[in-house]
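Next up, data05.tsv (TSV, C-alpha atoms (C1' of nucleotides)):
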chain	number	residue	atom	x	y	z
H	1	MET	CA	-12.04	75.52	43.96
H	2	ARG	CA	-14.77	73.70	45.79
H	3	ILE	CA	-14.26	70.06	46.68
H	4	ARG	CA	-17.18	67.83	47.44
H	5	LEU	CA	-16.66	64.51	49.18
H	6	GLY	CA	-18.81	61.47	48.62
H	7	TYR	CA	-19.05	57.81	49.59
H	8	ALA	CA	-20.16	54.61	47.95
H	9	CYS	CA	-23.33	52.54	48.05
H	10	ILE	CA	-24.02	51.93	51.74
H	11	SER	CA	-23.93	53.81	55.02
H	12	LYS	CA	-22.19	52.50	58.13
H	13	THR	CA	-24.35	54.79	60.23
H	14	LEU	CA	-27.54	53.35	58.76
H	15	ASP	CA	-26.18	49.84	58.39
H	16	TYR	CA	-29.64	48.30	58.46
H	17	LEU	CA	-30.31	49.77	55.01
H	18	THR	CA	-29.39	47.29	52.29
H	19	PRO	CA	-29.80	48.61	48.74
H	20	SER	CA	-28.21	45.48	47.28
H	21	SER	CA	-29.99	42.48	48.76
H	22	PRO	CA	-29.46	39.59	46.36
H	23	TYR	CA	-31.77	37.24	44.58
H	24	THR	CA	-29.20	34.80	43.29
H	25	TYR	CA	-29.37	33.12	39.92
H	26	THR	CA	-29.23	29.70	41.59
H	27	GLU	CA	-32.14	30.57	43.83
H	28	TYR	CA	-34.06	31.91	40.86
H	29	LEU	CA	-33.51	28.70	38.87
H	30	GLU	CA	-34.81	26.66	41.79
H	31	LYS	CA	-37.89	28.69	42.64
H	32	ARG	CA	-38.49	31.07	39.76
H	33	SER	CA	-40.36	33.24	42.21
H	34	VAL	CA	-41.41	36.48	40.57
H	35	LYS	CA	-42.86	37.51	43.91
H	36	LYS	CA	-39.55	37.15	45.71
H	37	LEU	CA	-37.72	39.01	42.96
H	38	ASP	CA	-40.26	41.82	43.20
H	39	SER	CA	-39.98	42.07	46.97
H	40	VAL	CA	-36.17	42.25	46.80
H	41	ILE	CA	-36.32	45.02	44.20
H	42	VAL	CA	-38.83	47.01	46.23
H	43	SER	CA	-36.78	46.62	49.39
H	44	ASN	CA	-33.59	47.71	47.59
H	45	LEU	CA	-35.31	50.76	46.11
H	46	LYS	CA	-36.74	51.73	49.49
H	47	ALA	CA	-33.29	51.42	51.04
H	48	LEU	CA	-31.84	53.62	48.29
H	49	HIS	CA	-34.58	56.15	48.94
H	50	GLU	CA	-33.65	56.27	52.64
H	51	LEU	CA	-29.95	56.60	51.81
H	52	ILE	CA	-30.63	59.57	49.53
H	53	LEU	CA	-32.69	61.22	52.29
H	54	TYR	CA	-29.84	60.60	54.73
H	55	ASN	CA	-27.37	62.15	52.26
H	56	ILE	CA	-29.52	65.24	51.87
H	57	LYS	CA	-29.83	65.61	55.62
H	58	ASN	CA	-26.06	65.41	55.97
H	59	ASN	CA	-25.18	67.53	52.93
H	60	VAL	CA	-23.57	64.72	50.99
H	61	HIS	CA	-23.55	65.89	47.37
H	62	PHE	CA	-21.84	62.95	45.75
H	63	PHE	CA	-22.91	59.31	46.00
H	64	ARG	CA	-22.34	56.05	44.17
H	65	VAL	CA	-25.40	53.88	43.68
H	66	SER	CA	-24.95	50.15	44.18
H	67	SER	CA	-24.79	48.15	40.96
H	68	LYS	CA	-26.77	45.37	42.63
H	69	LEU	CA	-29.91	47.50	42.98
H	70	ILE	CA	-31.91	45.28	40.61
H	71	PRO	CA	-30.85	41.63	40.92
H	72	LEU	CA	-30.71	39.56	37.73
H	73	ALA	CA	-31.27	42.63	35.56
H	74	THR	CA	-28.43	41.67	33.23
H	75	LYS	CA	-29.16	37.96	32.97
H	76	ASN	CA	-30.43	37.53	29.44
H	77	ASP	CA	-32.50	34.46	30.30
H	78	VAL	CA	-34.30	36.24	33.12
H	79	VAL	CA	-36.66	38.56	31.34
H	80	PHE	CA	-38.63	41.00	33.44
H	81	ASN	CA	-39.63	44.62	33.47
H	82	TYR	CA	-37.70	46.57	36.07
H	83	LYS	CA	-38.99	49.89	34.86
H	84	ASP	CA	-42.76	50.30	34.85
H	85	PRO	CA	-43.75	48.50	38.07
H	86	TYR	CA	-41.25	50.63	39.99
H	87	ARG	CA	-41.80	53.95	38.28
H	88	ILE	CA	-43.07	55.57	41.46
H	89	TYR	CA	-39.84	54.69	43.30
H	90	TYR	CA	-37.58	56.00	40.54
H	91	GLN	CA	-39.60	59.19	40.37
H	92	GLN	CA	-39.45	59.84	44.11
H	93	ILE	CA	-35.73	59.11	44.35
H	94	GLY	CA	-34.96	61.01	41.16
H	95	LYS	CA	-36.83	64.06	42.40
H	96	LEU	CA	-34.77	64.10	45.62
H	97	ILE	CA	-31.52	63.80	43.66
H	98	LEU	CA	-32.49	66.57	41.27
H	99	GLU	CA	-33.77	68.99	43.89
H	100	SER	CA	-30.77	68.54	46.15
H	101	ASN	CA	-28.38	68.82	43.21
H	102	MET	CA	-26.76	65.54	44.26
H	103	ARG	CA	-24.37	63.89	41.84
H	104	VAL	CA	-24.85	60.16	41.63
H	105	ASP	CA	-22.88	57.76	39.52
H	106	PHE	CA	-22.20	54.09	38.98
H	107	HIS	CA	-19.13	51.90	39.10
H	108	PRO	CA	-20.08	48.60	37.40
H	109	ASP	CA	-18.36	45.63	39.01
H	110	GLN	CA	-15.74	43.13	37.93
H	111	PHE	CA	-17.97	41.44	35.37
H	112	CYS	CA	-17.94	44.52	33.18
H	113	VAL	CA	-14.98	43.84	30.89
H	114	LEU	CA	-15.24	45.69	27.61
H	115	ASN	CA	-11.88	44.47	26.31
H	116	SER	CA	-12.40	40.77	27.04
H	117	THR	CA	-11.24	38.27	24.43
H	118	LYS	CA	-14.46	36.34	24.93
H	119	LYS	CA	-17.38	37.39	22.77
H	120	GLU	CA	-19.89	36.42	25.45
H	121	VAL	CA	-18.20	38.52	28.11
H	122	VAL	CA	-18.23	41.53	25.78
H	123	SER	CA	-21.92	41.09	24.99
H	124	ASN	CA	-22.67	40.67	28.72
H	125	THR	CA	-20.71	43.86	29.29
H	126	LEU	CA	-22.96	45.65	26.82
H	127	GLU	CA	-25.99	44.45	28.81
H	128	ILE	CA	-24.37	45.57	32.07
H	129	LEU	CA	-23.70	49.04	30.66
H	130	LYS	CA	-27.24	49.32	29.31
H	131	TYR	CA	-28.67	48.31	32.69
H	132	HIS	CA	-26.69	50.99	34.53
H	133	TYR	CA	-27.64	53.57	31.93
H	134	ASN	CA	-31.30	52.61	32.26
H	135	ILE	CA	-31.34	53.11	36.02
H	136	LEU	CA	-29.80	56.58	35.70
H	137	ASP	CA	-32.32	57.29	32.96
H	138	TYR	CA	-35.28	56.12	35.08
H	139	LEU	CA	-34.00	58.31	37.92
H	140	GLY	CA	-33.84	61.25	35.53
H	141	VAL	CA	-30.13	61.81	36.11
H	142	LYS	CA	-28.89	64.11	33.37
H	143	ASP	CA	-25.15	63.79	33.77
H	144	LYS	CA	-24.85	60.04	33.52
H	145	ILE	CA	-21.43	58.72	34.46
H	146	LEU	CA	-20.42	55.06	34.37
H	147	VAL	CA	-16.91	54.56	35.72
H	148	ILE	CA	-15.27	51.42	34.36
H	149	HIS	CA	-11.82	49.85	34.23
H	150	VAL	CA	-9.99	49.12	31.02
H	151	GLY	CA	-10.22	45.39	31.77
H	152	GLY	CA	-8.05	42.33	31.24
H	153	ASN	CA	-4.49	42.05	29.99
H	154	THR	CA	-4.76	39.01	27.71
H	155	PHE	CA	-2.11	39.08	24.90
H	156	GLY	CA	-0.42	42.08	26.48
H	157	LYS	CA	-1.14	45.72	27.15
H	158	GLU	CA	-0.99	47.09	23.62
H	159	LYS	CA	-3.40	44.50	22.24
H	160	SER	CA	-5.66	44.84	25.27
H	161	ILE	CA	-5.88	48.59	24.80
H	162	SER	CA	-6.65	48.10	21.11
H	163	ARG	CA	-9.47	45.71	21.99
H	164	PHE	CA	-10.84	48.27	24.42
H	165	ILE	CA	-10.80	50.98	21.78
H	166	ASN	CA	-12.34	48.76	19.09
H	167	ASN	CA	-15.11	47.51	21.34
H	168	PHE	CA	-15.77	50.98	22.69
H	169	ASN	CA	-16.24	52.24	19.14
H	170	ARG	CA	-18.92	49.61	18.56
H	171	LEU	CA	-21.01	50.83	21.50
H	172	PRO	CA	-24.18	52.84	20.88
H	173	SER	CA	-23.40	56.53	21.12
H	174	TYR	CA	-25.63	57.10	24.15
H	175	LEU	CA	-23.36	54.74	26.12
H	176	LYS	CA	-20.14	56.22	24.73
H	177	LYS	CA	-21.15	59.55	26.19
H	178	CYS	CA	-21.43	58.12	29.72
H	179	ILE	CA	-18.26	56.11	30.08
H	180	ALA	CA	-15.28	57.24	32.09
H	181	ILE	CA	-12.19	55.07	32.65
H	182	GLU	CA	-10.35	54.62	35.90
H	183	ASN	CA	-6.72	53.57	36.40
H	184	ASP	CA	-6.40	50.20	38.15
H	185	ASP	CA	-3.95	48.92	40.75
H	186	LYS	CA	-2.26	46.23	38.67
H	187	ILE	CA	-2.33	46.71	34.92
H	188	PHE	CA	-3.63	49.89	33.33
H	189	ASN	CA	-2.05	52.91	35.00
H	190	ILE	CA	-2.98	56.54	34.68
H	191	LYS	CA	-0.79	57.04	31.59
H	192	ASP	CA	-2.51	54.14	29.82
H	193	CYS	CA	-5.89	55.66	30.66
H	194	LEU	CA	-4.83	59.08	29.39
H	195	LYS	CA	-3.63	57.49	26.15
H	196	ILE	CA	-7.02	55.86	25.66
H	197	SER	CA	-8.79	59.03	26.75
H	198	GLN	CA	-7.01	61.07	24.12
H	199	LYS	CA	-8.02	58.63	21.39
H	200	LEU	CA	-11.66	58.31	22.41
H	201	ASP	CA	-12.21	61.67	24.09
H	202	ILE	CA	-13.58	60.17	27.29
H	203	PRO	CA	-12.98	61.33	30.88
H	204	VAL	CA	-10.40	59.74	33.17
H	205	VAL	CA	-11.17	59.09	36.82
H	206	LEU	CA	-7.99	59.27	38.85
H	207	ASP	CA	-7.87	56.67	41.60
H	208	TYR	CA	-5.21	57.99	43.96
H	209	HIS	CA	-4.64	54.69	45.72
H	210	HIS	CA	-4.35	52.77	42.45
H	211	PHE	CA	-1.90	55.41	41.27
H	212	ARG	CA	0.26	54.65	44.29
H	213	CYS	CA	0.05	50.91	43.54
H	214	ASN	CA	0.64	51.12	39.80
H	215	ASN	CA	2.64	53.86	38.08
H	216	GLU	CA	5.70	54.51	35.94
H	217	GLN	CA	7.33	56.78	38.54
H	218	GLU	CA	5.65	59.76	36.94
H	219	LYS	CA	4.71	62.66	39.19
H	220	LEU	CA	1.04	63.18	39.88
H	221	GLU	CA	1.57	66.91	39.36
H	222	ASP	CA	2.59	66.21	35.78
H	223	VAL	CA	-0.45	64.16	34.79
H	224	MET	CA	-3.08	66.09	36.76
H	225	LYS	CA	-3.63	68.70	34.07
H	226	ASP	CA	-4.44	66.10	31.42
H	227	ILE	CA	-6.72	64.20	33.79
H	228	LEU	CA	-8.79	67.27	34.60
H	229	ALA	CA	-8.83	68.40	30.96
H	230	SER	CA	-10.34	65.06	29.93
H	231	TRP	CA	-13.55	66.12	31.71
H	232	HIS	CA	-14.03	69.27	29.59
H	233	ASN	CA	-16.84	71.25	31.25
H	234	LYS	CA	-17.99	68.42	33.53
H	235	THR	CA	-17.00	68.17	37.19
H	236	PRO	CA	-14.03	65.80	37.43
H	237	LYS	CA	-14.32	62.81	39.72
H	238	ILE	CA	-11.49	61.36	41.76
H	239	HIS	CA	-11.39	58.24	43.91
H	240	PHE	CA	-9.47	58.37	47.17
H	241	SER	CA	-8.58	55.60	49.59
H	242	SER	CA	-5.74	54.54	51.88
H	243	PRO	CA	-3.87	51.22	52.04
H	244	LYS	CA	-5.00	48.69	54.63
H	245	ASN	CA	-1.41	48.47	55.84
H	246	ASN	CA	2.09	48.82	54.50
H	247	THR	CA	2.94	45.18	53.92
H	248	LYS	CA	3.26	44.08	50.32
H	249	LYS	CA	0.37	41.69	50.73
H	250	ASP	CA	-2.18	44.14	52.12
H	251	PHE	CA	-1.11	47.44	50.58
H	252	ARG	CA	-3.60	47.18	47.76
H	253	SER	CA	-6.58	46.52	50.06
H	254	HIS	CA	-8.61	49.45	51.33
H	255	HIS	CA	-8.29	50.70	54.88
H	256	ASP	CA	-11.39	51.29	57.01
H	257	TYR	CA	-10.54	54.99	57.16
H	258	ILE	CA	-8.62	57.66	55.28
H	259	ASP	CA	-5.11	58.69	56.19
H	260	VAL	CA	-5.65	62.41	56.65
H	261	ASP	CA	-2.05	63.45	56.02
H	262	SER	CA	-1.89	61.83	52.60
H	263	PHE	CA	-5.23	63.42	51.79
H	264	ILE	CA	-3.91	66.86	52.72
H	265	LYS	CA	-0.83	66.20	50.59
H	266	PHE	CA	-3.06	65.31	47.68
H	267	ILE	CA	-5.18	68.44	48.05
H	268	ASP	CA	-1.94	70.39	48.02
H	269	ILE	CA	-1.21	68.96	44.58
H	270	ILE	CA	-4.57	69.89	43.08
H	271	LYS	CA	-5.18	73.22	44.77
H	272	GLY	CA	-5.05	76.17	42.45
H	273	VAL	CA	-7.11	74.30	39.87
H	274	GLU	CA	-9.97	76.38	38.50
H	275	CYS	CA	-12.77	73.82	38.48
H	276	ASP	CA	-14.72	72.09	41.23
H	277	ILE	CA	-13.85	68.46	41.95
H	278	ASP	CA	-15.83	65.54	43.37
H	279	ILE	CA	-13.82	63.13	45.51
H	280	MET	CA	-15.24	59.70	46.26
H	281	ILE	CA	-14.02	58.38	49.61
H	282	GLU	CA	-13.55	54.64	49.17
H	283	ALA	CA	-13.09	53.32	52.69
H	284	LYS	CA	-14.61	50.32	54.39
H	285	ALA	CA	-16.16	52.54	57.05
H	286	LYS	CA	-18.01	54.38	54.26
H	287	ASP	CA	-19.77	57.57	55.46
H	288	GLU	CA	-18.15	57.21	58.89
H	289	ALA	CA	-14.75	57.44	57.21
H	290	LEU	CA	-15.93	60.51	55.29
H	291	PHE	CA	-17.13	62.32	58.41
H	292	ARG	CA	-14.03	61.37	60.39
H	293	LEU	CA	-11.85	62.73	57.59
H	294	VAL	CA	-13.79	66.00	57.68
H	295	ARG	CA	-13.33	66.31	61.46
H	296	GLU	CA	-9.59	65.78	61.08
H	297	LEU	CA	-9.37	68.25	58.21
H	298	LYS	CA	-11.17	70.90	60.24
H	299	TYR	CA	-8.66	70.39	63.02
H	300	LYS	CA	-5.52	70.15	60.90
H	301	THR	CA	-6.09	72.56	58.01
H	302	ASP	CA	-7.49	75.96	57.21
H	303	PHE	CA	-9.76	74.67	54.45
H	304	ILE	CA	-12.96	76.69	54.42
H	305	PHE	CA	-15.85	74.31	55.00
H	306	MET	CA	-19.13	75.17	53.32
H	307	ASP	CA	-21.03	72.33	55.00
H	308	GLU	CA	-20.46	68.81	56.40
H	309	THR	CA	-18.82	67.43	53.26
H	310	SER	CA	-17.51	70.23	51.09
H	311	PHE	CA	-14.79	72.84	51.37
H	312	ILE	CA	-12.95	75.48	49.47
H	313	VAL	CA	-9.21	75.66	49.00
C	1	DG	C1'	-22.14	38.37	68.79
C	2	DG	C1'	-18.38	36.97	66.22
C	3	DT	C1'	-16.51	33.96	62.45
C	4	DC	C1'	-16.87	31.23	58.50
C	5	DG	C1'	-18.57	29.70	53.97
C	6	DT	C1'	-21.26	30.84	49.87
C	7	DC	C1'	-22.67	33.38	45.92
C	8	DA	C1'	-21.50	35.82	41.21
C	9	DA	C1'	-21.57	36.64	34.90
C	10	DG	C1'	-14.75	38.64	35.90
C	11	DG	C1'	-9.23	38.13	35.34
C	12	DG	C1'	-4.90	36.04	36.36
C	13	DG	C1'	-1.31	32.91	37.96
C	14	DT	C1'	0.51	28.27	38.94
C	15	DG	C1'	1.53	23.41	38.15
P	1	DC	C1'	-6.98	21.59	32.59
P	2	DA	C1'	-7.74	22.02	37.84
P	3	DC	C1'	-7.12	24.87	41.40
P	4	DC	C1'	-6.46	28.85	44.00
P	5	DC	C1'	-5.92	33.76	44.48
P	6	DC	C1'	-8.06	38.51	44.03
P	7	DT	C1'	-12.81	41.50	44.97
P	8	DT	C1'	-17.77	43.13	47.03
P	9	DG	C1'	-21.90	43.09	50.38
P	10	DA	C1'	-25.49	40.15	52.01
P	11	DC	C1'	-26.83	36.33	54.43
P	12	DG	C1'	-27.28	31.81	56.50
P	13	DA	C1'	-24.99	28.40	59.51
P	14	DC	C1'	-22.52	27.63	63.37
P	15	DC	C1'	-20.22	27.88	67.87

structure tokens encoding of this file:
Amino acid sequence: MRIRLGYACISKTLDYLTPSSPYTYTEYLEKRSVKKLDSVIVSNLKALHELILYNIKNNVHFFRVSSKLIPLATKNDVVFNYKDPYRIYYQQIGKLILESNMRVDFHPDQFCVLNSTKKEVVSNTLEILKYHYNILDYLGVKDKILVIHVGGNTFGKEKSISRFINNFNRLPSYLKKCIAIENDDKIFNIKDCLKISQKLDIPVVLDYHHFRCNNEQEKLEDVMKDILASWHNKTPKIHFSSPKNNTKKDFRSHHDYIDVDSFIKFIDIIKGVECDIDIMIEAKAKDEALFRLVRELKYKTDFIFMDETSFIV
DNA sequence: GGTCGTCAAGGGGTG
DNA sequence: CACCCCTTGACGACC
């Protein structure tokens, strides 16, 4: 089994690259500057381009693109074309991704709540999903993955899960095919996600840290098979992070780096699996955390490293 | 050069 | 209902 490690959105090494500079709604309402909006989009796309080049140079095969790449794209009263004027950028970036066989995905933010009880929030969520799909489409990414959470807990878990399923079923089929659900740290645990996954036949992203925060005392070994099976022939994705510290208050927050021993323990659980797996390193120190983890793994384990970010166990 | 407040369309909890 | 908490990265103000 080959494991590829990835990181999310920005690089600590190249911290001057900002692929998510904002053009806030408030600022837009004041100035309505199409020029400013355009310059922010161009600068974000150029930063993304540089990040992809950096990933290729460092053999990073797995990368999450920032959701804030195109500001205001999902505001329904801000109508603008974020496709045609930027075609050249999408093409260049997409070509690099394709040729390097890099897997990129999205993780829409907290405003994406498919199971909300508010009609407006659900319709906004549809726009958010379409926007993310569009970007992957413009980039020419074939295996489009949008990782989302189940959402809110209004009226209890059972009803909330039902709302998720009902609203999911109303989505256009091209979006249904892209969505994967991730267990969260407070409400919907891995068993809830697997239940939904079995009903809708969608992949489950295991978040290891969230599993530690929120579980029913089940063993990871016992649910792993179902998690991986939910991906069918696709490469399963897993999120990995370590707690900021061990106090109740800060356990849920992410640490700057990865605790190597818990990572080794986790690999021990999944080794022996037939398929390849992508693991997203979610640490505040971003790519620095990834590369530090690799250095520690090389020192502490006999994993066979294929390059800077991938190994065989 | 560090620290703080602000922005955002979210949920949730308290009084 | 008001208010505060959670969360993210960028950025401007301030000392």

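Taking atom CA of Tyr7 of chain H and atom CA of Phe62 of chain H as the two end points, the separation is 7.0 Å.
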
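All of the residues in chain H within 7 Å of chain C are Gln110, Phe111 and Gly152 of chain H, where all atoms listed in the file were counted.
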
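When atom CA of Leu139 of chain H is paired with atom CA of Cys193 of chain H, their separation reads 29.2 Å.
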
Item to complete: Give the residues of chain P that lie within 12 Å of chain H; count only C-alpha atoms (C1' of nucleotides), and format the answer as JSON, numbers by chain.
Response: {"P": [5, 6, 7, 8, 9, 10, 11]}

Take the residues that were just selected and, keeping C-alpha atoms (C1' of nucleotides), output them as a PDB file, in the frame of the given file.
ATOM      1  C1'  DC P   5      -5.920  33.760  44.480  1.00  0.00           C
ATOM      2  C1'  DC P   6      -8.060  38.510  44.030  1.00  0.00           C
ATOM      3  C1'  DT P   7     -12.810  41.500  44.970  1.00  0.00           C
ATOM      4  C1'  DT P   8     -17.770  43.130  47.030  1.00  0.00           C
ATOM      5  C1'  DG P   9     -21.900  43.090  50.380  1.00  0.00           C
ATOM      6  C1'  DA P  10     -25.490  40.150  52.010  1.00  0.00           C
ATOM      7  C1'  DC P  11     -26.830  36.330  54.430  1.00  0.00           C
TER       8       DC P  11
END

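Between atom CA of Lys271 of chain H and atom CA of Gln217 of chain H the separation is 21.6 Å.
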
Discussion item. Quick one: residues within 12 Å of Ala73 of chain H, all atoms listed in the file, excluding same-chain residues fewer than 4 positions away - as a ChimeraX atom specification?
Written reply: /H:22-25,37-38,41,67-69,77-83,124,127-132,134-135 /C:9

Practice prompt. Quick one: everything within 12 Å of Ser160 of chain H, counting only C-alpha atoms (C1' of nucleotides), minus sequence neighbours fewer than 4 positions away in the same chain. Send it as an MDAnalysis selection string.
Written response: chainID H and resid 113:117 149:156 164:167 187:188 192 196

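Shell of Ser310 of chain H at 12 Å, with only C-alpha atoms (C1' of nucleotides) counted and residues fewer than 5 places along the chain excluded, is Met1, Arg2, Ile3, Arg4, Leu5, Gly6, Asn58, Asn59, Val60, His61, Phe62, Asp276, Ile277, Asp278, Ile279, Met280, Leu290, Phe291, Leu293, Val294, Arg295, Leu297, Lys298, Phe303, Ile304 and Phe305 of chain H.
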
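Of the residues listed (H:Asp226, H:Glu282, H:Asp261, H:Glu216), H:Asp226 shows the shortest atom-to-atom separation from Asp201 of chain H; distances use all atoms listed in the file.
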
Item to complete: List the neighbours of segment 171-182 of chain H out to 8 Å using only C-alpha atoms (C1' of nucleotides); skip same-chain residues closer than 2 positions along the sequence, and give me the result as a list in words.
Response: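 Once the nearby chain positions are removed, what remains is Leu126, Leu129, Lys130, Tyr133, Asp143, Lys144, Ile145, Leu146, Val147, Ile148, His149, Val150, Asn167, Phe168, Asn169, Asp184, Ile190, Cys193, Ser197, Ile202, Pro203, Val204, Val205, Leu206 and Asp207 of chain H.
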